[in-house]
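First comes the structure, then the notes that go with it.
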There are 2 protein chains.
Amino acid sequence: MPELRKDPIVGRWVIISTDRGKRPSSFSAVSKRVAAKMCPFCPGQESNTPPEILAYRSPGSQANQPGWTLRVIPNKYPALIVEGSLDRAPQGIYDKMHGVGAHEVIIETAEHAHDLVDMTDQEAKNIFWAYRERMLDLERDHRLKYILIFKNHGAAAGASLEHAHSQLIATPVIPKRVTEEIDGARRYFEFKERCIFCDIVRQEILEKERIVADYDAFIAVQPFAPRFPFETWIIPKTHQSSYLELTDHEYLVLARSFKDILYRLKLALNDPPFNYILHTRPVSREHAEYYHWHFEIIPKLTKVAGFEWGTGFYINPTKPEEAAAYLRNIEATFEGSRERSEAERSKG
Amino acid sequence: MPELRKDPIVGRWVIISTDRGKRPSSFSAVSKRVAAKMCPFCPGQESNTPPEILAYRSPGSQANQPGWTLRVIPNKYPALIVEGSLDRAPQGIYDKMHGVGAHEVIIETAEHAHDLVDMTDQEAKNIFWAYRERMLDLERDHRLKYILIFKNHGAAAGASLEHAHSQLIATPVIPKRVTEEIDGARRYFEFKERCIFCDIVRQEILEKERIVADYDAFIAVQPFAPRFPFETWIIPKTHQSSYLELTDHEYLVLARSFKDILYRLKLALNDPPFNYILHTRPVSREHAEYYHWHFEIIPKLTKVAGFEWGTGFYINPTKPEEAAAYLRNIEATFEGSRERSEAERSKG
């Protein structure tokens, strides 16, 4: 059973998940790329994954059989597992508990090589809608305090399979970074009686320098103090503390915004590996006044890591204003290219 | 001039250092390995580096000429620069200041391929002594609040040159991770009136499970909640808040401890890339009662990164108890191997 352990000094929880099978002797092994025909996420391979939790399928198709366009399954090597009680306990000055939670994989498409940037708007929207459906379901489990949605794209960003997928981890604790955001936003709110994210959106729209694109309900922006080159945030323009507060139409707008931003990053940076992470309010509703959900997209371009991990001190070689200007200039290309690719798709 | 920017939500400072020359268009370029004969850190290449700040040299040899065994120079592409004033200023809701500080390189040896594990005890001690000398010098600059010492070993850990070197960055702010440690240690001290690191050392010596080695003045231990497989901390056994409090002899013991631990990691993990980072008290002496200096060594074994960066939530596939046992068992091999290599060295 996985175990959650708390660092007694800085209060960070860590999952010790030996079920994932890394014994000390296994680190020398080189990871292998899975060939497309062996891909467990492709149609016809459903029996090689745990049974599905959710699927968007054509009428008449059967569960765990082909006929789906999006499929959610439990992770075969889960970092946290659903069964069991937390059994929170001390060990001398330390704290630990059982690794209870959920770890799911959202298989975003039935096609092996079909990324979000190439999808139709409706295909893309289904991904963001699936996130919502899974979050609503898991929020009913009172052991769970936070639901993390994230995507690793490309081997260098941690993806072990290339078939497009994202992941969900539901945890019995609130991740440290989220706690820090909540604390920072609360301090600002106590002083100003305004949401700091709303003020950031206001200032960014006014200054224009770090905005990449303005999409009706959202802005895509390079943060003022980015840790990484081309780090991009997508923030709703009106105050919403939870990802679940979007209207049906806004999920479509969000999907279009993601297609646009990921396309620009792909073109600007030669199809870089990247991660995106949803930052939303914890399951409990208490921080609704001052927390403001958003996505953070991090292209993996620089290698230096241990130093930044160890210190929380980042050196970024690219000004966000410069990165934003570079990405803004790709717009025209994108519009044309999107139309072209849709024309090609309808021809085929 | 580099710029320091503060994230307004979580309070993290970031260095925006465009002098390091990464333009948006340059990220596609593949990094090249420098051949040994072109290495700017080798003797004879002194004119290709900025003038030295400190060097341990044979009697009669001249500054910036061969004849040295260890050499400290300013980084050619500094993240922070010594000249100028901070000019701390707001920009709407944001905060920024000039990137004033120091960024130095400690060239650990004159030999191109000569790592710490292969050095004599005295050669190794000189590295730790040079850290001390540079820290003492920089602490006199009242603009500087923190002095970071770290090493990147291997390309995957961020080293751009393979000739053994470590780095020093002196900053006008305290890195976030250090602030978190200080805050955590203070909270514990307020409640218990004891240093949390001292209590950790006590419990680890008692439990034995996570100890890798006990070296007289220090222990090497896997932390209870490690972020990464084989993460190893070296902690002084008695209370010291600053790295500068060691006796002359203790720097030698520290050097020996490092040689031993790095050798075990090298053997256990097939010469892994790694980072080590010195965590010591800020220049100001106010946290002396409850802060306790130590080194954190992080082998770079796992690729998943963006998710952990984005959330502060780590998934570690290896139990620290298992990693510690694995490293403890290498002791005998190491003793033999060290004697062998010293015998070979004296033969050559």
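In the structure tokens, chains take letters A, B, ... by order of appearance, with residues numbered from 1 within each chain and ligands from 1 in the order shown.
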
Q. Just asking: which residues within region 169-292 of chain A are alpha helix (DSSP H) according to DSSP, as number ranges by chain?
A. A: 176-192, 196-207, 248-269

Pull C-alpha atoms from the residues just selected and write them as a JSON list (two decimals), in the first residue's frame.
```
[["chain", "number", "residue", "atom", "x", "y", "z"],
["A", 176, "LYS", "CA", 1.88, 22.40, -0.79],
["A", 177, "ARG", "CA", 1.86, 24.68, -3.81],
["A", 178, "VAL", "CA", -1.95, 25.02, -3.62],
["A", 179, "THR", "CA", -1.74, 25.81, 0.10],
["A", 180, "GLU", "CA", 0.84, 28.51, -0.66],
["A", 181, "GLU", "CA", -1.39, 30.02, -3.34],
["A", 182, "ILE", "CA", -4.37, 30.00, -1.00],
["A", 183, "ASP", "CA", -2.34, 31.60, 1.82],
["A", 184, "GLY", "CA", -0.96, 34.28, -0.51],
["A", 185, "ALA", "CA", -4.36, 35.04, -1.99],
["A", 186, "ARG", "CA", -5.93, 35.21, 1.48],
["A", 187, "ARG", "CA", -3.31, 37.65, 2.79],
["A", 188, "TYR", "CA", -3.92, 39.90, -0.21],
["A", 189, "PHE", "CA", -7.68, 39.64, 0.21],
["A", 190, "GLU", "CA", -7.51, 40.49, 3.91],
["A", 191, "PHE", "CA", -5.64, 43.71, 3.08],
["A", 192, "LYS", "CA", -7.30, 44.77, -0.19],
["A", 196, "ILE", "CA", -5.28, 38.94, -6.36],
["A", 197, "PHE", "CA", -5.87, 36.92, -9.52],
["A", 198, "CYS", "CA", -8.62, 39.34, -10.60],
["A", 199, "ASP", "CA", -6.16, 42.21, -10.02],
["A", 200, "ILE", "CA", -3.50, 40.38, -12.05],
["A", 201, "VAL", "CA", -5.95, 39.88, -14.94],
["A", 202, "ARG", "CA", -6.87, 43.59, -14.77],
["A", 203, "GLN", "CA", -3.24, 44.77, -14.77],
["A", 204, "GLU", "CA", -2.21, 42.37, -17.54],
["A", 205, "ILE", "CA", -5.06, 43.48, -19.82],
["A", 206, "LEU", "CA", -4.07, 47.10, -19.14],
["A", 207, "GLU", "CA", -0.31, 46.62, -19.66],
["A", 248, "ASP", "CA", -21.19, 24.39, -20.86],
["A", 249, "HIS", "CA", -20.21, 26.91, -23.56],
["A", 250, "GLU", "CA", -17.16, 28.08, -21.59],
["A", 251, "TYR", "CA", -15.69, 24.55, -21.63],
["A", 252, "LEU", "CA", -15.77, 24.81, -25.42],
["A", 253, "VAL", "CA", -14.06, 28.21, -25.31],
["A", 254, "LEU", "CA", -11.47, 26.76, -22.93],
["A", 255, "ALA", "CA", -10.80, 23.89, -25.34],
["A", 256, "ARG", "CA", -10.34, 26.35, -28.21],
["A", 257, "SER", "CA", -8.01, 28.47, -26.07],
["A", 258, "PHE", "CA", -5.88, 25.41, -25.28],
["A", 259, "LYS", "CA", -5.74, 24.42, -28.95],
["A", 260, "ASP", "CA", -4.54, 27.90, -29.81],
["A", 261, "ILE", "CA", -1.90, 28.19, -27.07],
["A", 262, "LEU", "CA", -0.52, 24.69, -27.54],
["A", 263, "TYR", "CA", -0.32, 25.29, -31.26],
["A", 264, "ARG", "CA", 1.63, 28.50, -30.75],
["A", 265, "LEU", "CA", 4.03, 26.77, -28.34],
["A", 266, "LYS", "CA", 4.43, 23.89, -30.78],
["A", 267, "LEU", "CA", 5.34, 26.24, -33.61],
["A", 268, "ALA", "CA", 7.51, 28.59, -31.53],
["A", 269, "LEU", "CA", 9.50, 25.89, -29.78]]
```

So which residues of region 158-330 of chain A fall under strand (DSSP E) by DSSP, listed as an MDAnalysis selection string? chainID A and resid 165:171 211:215 218:221 232:236 274:279 294:299 314:316

* A:Asp121, A:Asp141, A:Glu321, A:Asp115: which is nearest chain B, counting only C-alpha atoms? ->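 The shortest atom-to-atom distance to chain B comes from A:Glu321.
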
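Within the 10 Å cut-off around region 52-55 of chain B, using only C-alpha atoms and omitting residues fewer than 4 positions from it on the same chain, the listed residues are Glu46, Ser47, Ala63, Asn64, Gln65, Gly67, Trp68, Thr69, Leu70, Arg71, Val72, Ile73, Pro74, Glu104, Val105, Ile106, Ile107, Ala130, Glu133 and Arg134 of chain B.
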
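We find CA of Gln62 (chain A) and CA of Pro43 (chain A) to be spaced 12.2 Å apart.
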
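Of the residues under consideration (A:Gly154, A:Pro317, A:Pro78, A:Gly44), A:Pro317 shows the shortest atom-to-atom contact distance to chain B when counting only C-alpha atoms.
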
| task | Tell me which protein, DNA and RNA residues are within 6 Å of Ile169 (chain A), counting only C-alpha atoms, leaving out same-chain ones fewer than 3 positions away, and put them as a ChimeraX atom specification. | result | /A:102-103,147-148

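Restricting the calculation to only C-alpha atoms, the smallest distance between Lys76 (chain A) and any of A:Lys300, A:Gly99, A:His114, A:Gln167 is found for A:Gln167.
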
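The shortest atom-to-atom distance to chain B, with only C-alpha atoms taken into account, belongs to A:Ala157 out of A:Ala213, A:Cys39, A:Ile297, A:Ala157.
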
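Going from CA of Asp137 (chain B) to CA of Tyr243 (chain B) covers 13.9 Å.
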
Fill in: For Ala323 (chain B): contacts at 12 Å, only C-alpha atoms, fewer than 3 positions along chain excluded, given as an MDAnalysis selection string
(chainID A and resid 18 22:27) or (chainID B and resid 209:212 221:224 226 228:232 264:265 268:269 299 316:320 326:330)
